[in-house]
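Everything on this sheet refers to the single structure shown next.
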Amino acid sequence: MPSQRPNVLFLFTDDQRFDAVGAMGNPEVITPNMDALVERGTTFTHATVQGSTVPAVCQPSRAMLMTGRHLYHAPRDIGQFTTLPELLAGHGYATFGTGKWHNFPDSYARSFTDGAKIFFGGMSNHLEVPVFDFHPDGKYPQEDRYIGKKFSSELFSDAAIEFINRQDGEQPFFAYVSYTAPHDPRMAPDEYADLYDPTRIEVPENFYPMHPFDNGEMTIRDEMLAPFPRTPEIVQEHIAAYYAMITHLDAHIGRVLEALEASGHADNTIIVFAGDNGLAVGQHGLMGKQNMYDHSVRVPLTFCGPGIPEGERSDALCYLLDIFPTLCHLLDLPVPGSVEGRSVAPIMQGEKQRCYDSLFFAYMDKQRAVRNDRWKLIEYFTGDGRVTQLFDLAADPWETANLATAPDMNEHVADLRADLQRWQRAVDDPMAGVQLAAE
């Protein structure tokens, strides 16, 4: 019989860009199961990650997700802040985690009552993921780690399916399925790679052979995945391999959704589908995610299930860290005082149009940005001195025309800088004292 509160199935992907879903207007990528979720639920088309304090953007992204806290308030070890699964466990949920954690084992141990194929690292060969079995005592000594013998997307999906099949409906469950795809190495099985002919892949409108200036991370590992200068052919090859990873992942997500349906729990389960950060894959002359452009900060985010409108899309600005209070709202649970995110449930329910007038982004001590519904300002602090970019996102969604030095844009630049400084103070940005006024 159905649980009193809905179950939650959280499908979390790694390095999947916001538009790398067919239903989001991308005719090239094949994602029938992700598309079905978009059709069944409410999608936030302008969901973002707030940024990173380290090159591995996915690590603080997951800390923010699990704590509902802003970038500078979500330590890598997650501290003693209440995590989303920890809260649910305290309210009677069986909490299960599989796949990539990328934070410390002690925070995993206090968050989950069950788990399997747990990966505490950031990336690995997809056919040789070093994983742990669940340890009820919360101890994960290195000698207990072993290599999973299946492709990562299959490995983690199998674990989730086995958990779902064990649920009898007497206790609500939270299943966190955290994939390592489509993060590189991009090594999809041949049957999926063969679906994508690189020569038929469209070169992005914002393709550049090189980024036009030093953004502070021009030679980081991600950027070394392709030679300089970039060529259209190289970028096509990388996009094809990226899409193949996503299509393979989509197939295994489909298996999990089929298992949920077969279990009889689907009608009483909220599904969250999201990604931890985006990826350039050749846009702006970049390959990685260590930047403030939309291709790297925007992510997929869809909610579907009981009480959630179907086939709806909202362009309201929001963060991944807002998922925590949103689920609390949907599950009628109290929001911990440590949570700083804002619930987007009122938007889904038609009670509000937006939660934020603007969003703040940061990358280490090198980049800062702020955006509203139309404009984005990016400030760079590198060896080349300060560089400013201003984009009219309505007229230029590919972010190719820098308007920062146009005389009639002075007011927009000043207003956005003031908003950026307000955000910096609000989130305790250590660079809040950096002078951003026009020189």
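FYI, nothing fancy with the structure tokens labels: chains A, B, ... in order, residues from 1 per chain, ligands from 1 as they appear.
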Determine, using only C-alpha atoms, which residues of range 347-372 of chain A have any atom at most 12 Å from an atom of range 416-432 of chain A, and tabulate each with its shortest atom pair and distance in Å to one decimal place, rows ordered by chain and then rising number, as a tab-separated table.
residue	atom	partner	partner_atom	distance
A:Tyr356	CA	A:Trp423	CA	11.6
A:Asp357	CA	A:Asp419	CA	10.1
A:Ser358	CA	A:Asp419	CA	8.1
A:Leu359	CA	A:Trp423	CA	8.2
A:Phe360	CA	A:Trp423	CA	6.3
A:Phe361	CA	A:Leu420	CA	8.9
A:Ala362	CA	A:Asp429	CA	8.6
A:Tyr363	CA	A:Asp429	CA	10.7
A:Met364	CA	A:Met431	CA	9.5
A:Asp365	CA	A:Met431	CA	7.1
A:Lys366	CA	A:Met431	CA	9.7
A:Gln367	CA	A:Met431	CA	10.1
A:Arg368	CA	A:Leu420	CA	8.0
A:Ala369	CA	A:Leu420	CA	6.9
A:Val370	CA	A:Leu420	CA	5.6
A:Arg371	CA	A:Leu416	CA	7.6
A:Asn372	CA	A:Leu416	CA	8.7
Cut-off 12 Å: closest range 1-69 of chain A/range 114-121 of chain A atom pairs per residue, using only C-alpha atoms, as a Markdown table:
| residue | atom | partner | partner_atom | distance |
| --- | --- | --- | --- | --- |
| A:Ala56 | CA | A:Gly121 | CA | 10.8 |
| A:Cys58 | CA | A:Gly121 | CA | 10.7 |
| A:Gln59 | CA | A:Gly121 | CA | 9.4 |
| A:Arg62 | CA | A:Phe120 | CA | 11.9 |
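The closest residue to Val21 in chain A, picked from A:Ile271, A:Met34, A:Val344, A:Ala188 and counting only C-alpha atoms, is A:Met34.
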Inset, instruction - Could you check which of A:Asn215, A:Gln167, A:Ser343, A:Thr269 is closest to Glu379 in chain A, using only C-alpha atoms? - result: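 Closest candidate: A:Asn215.
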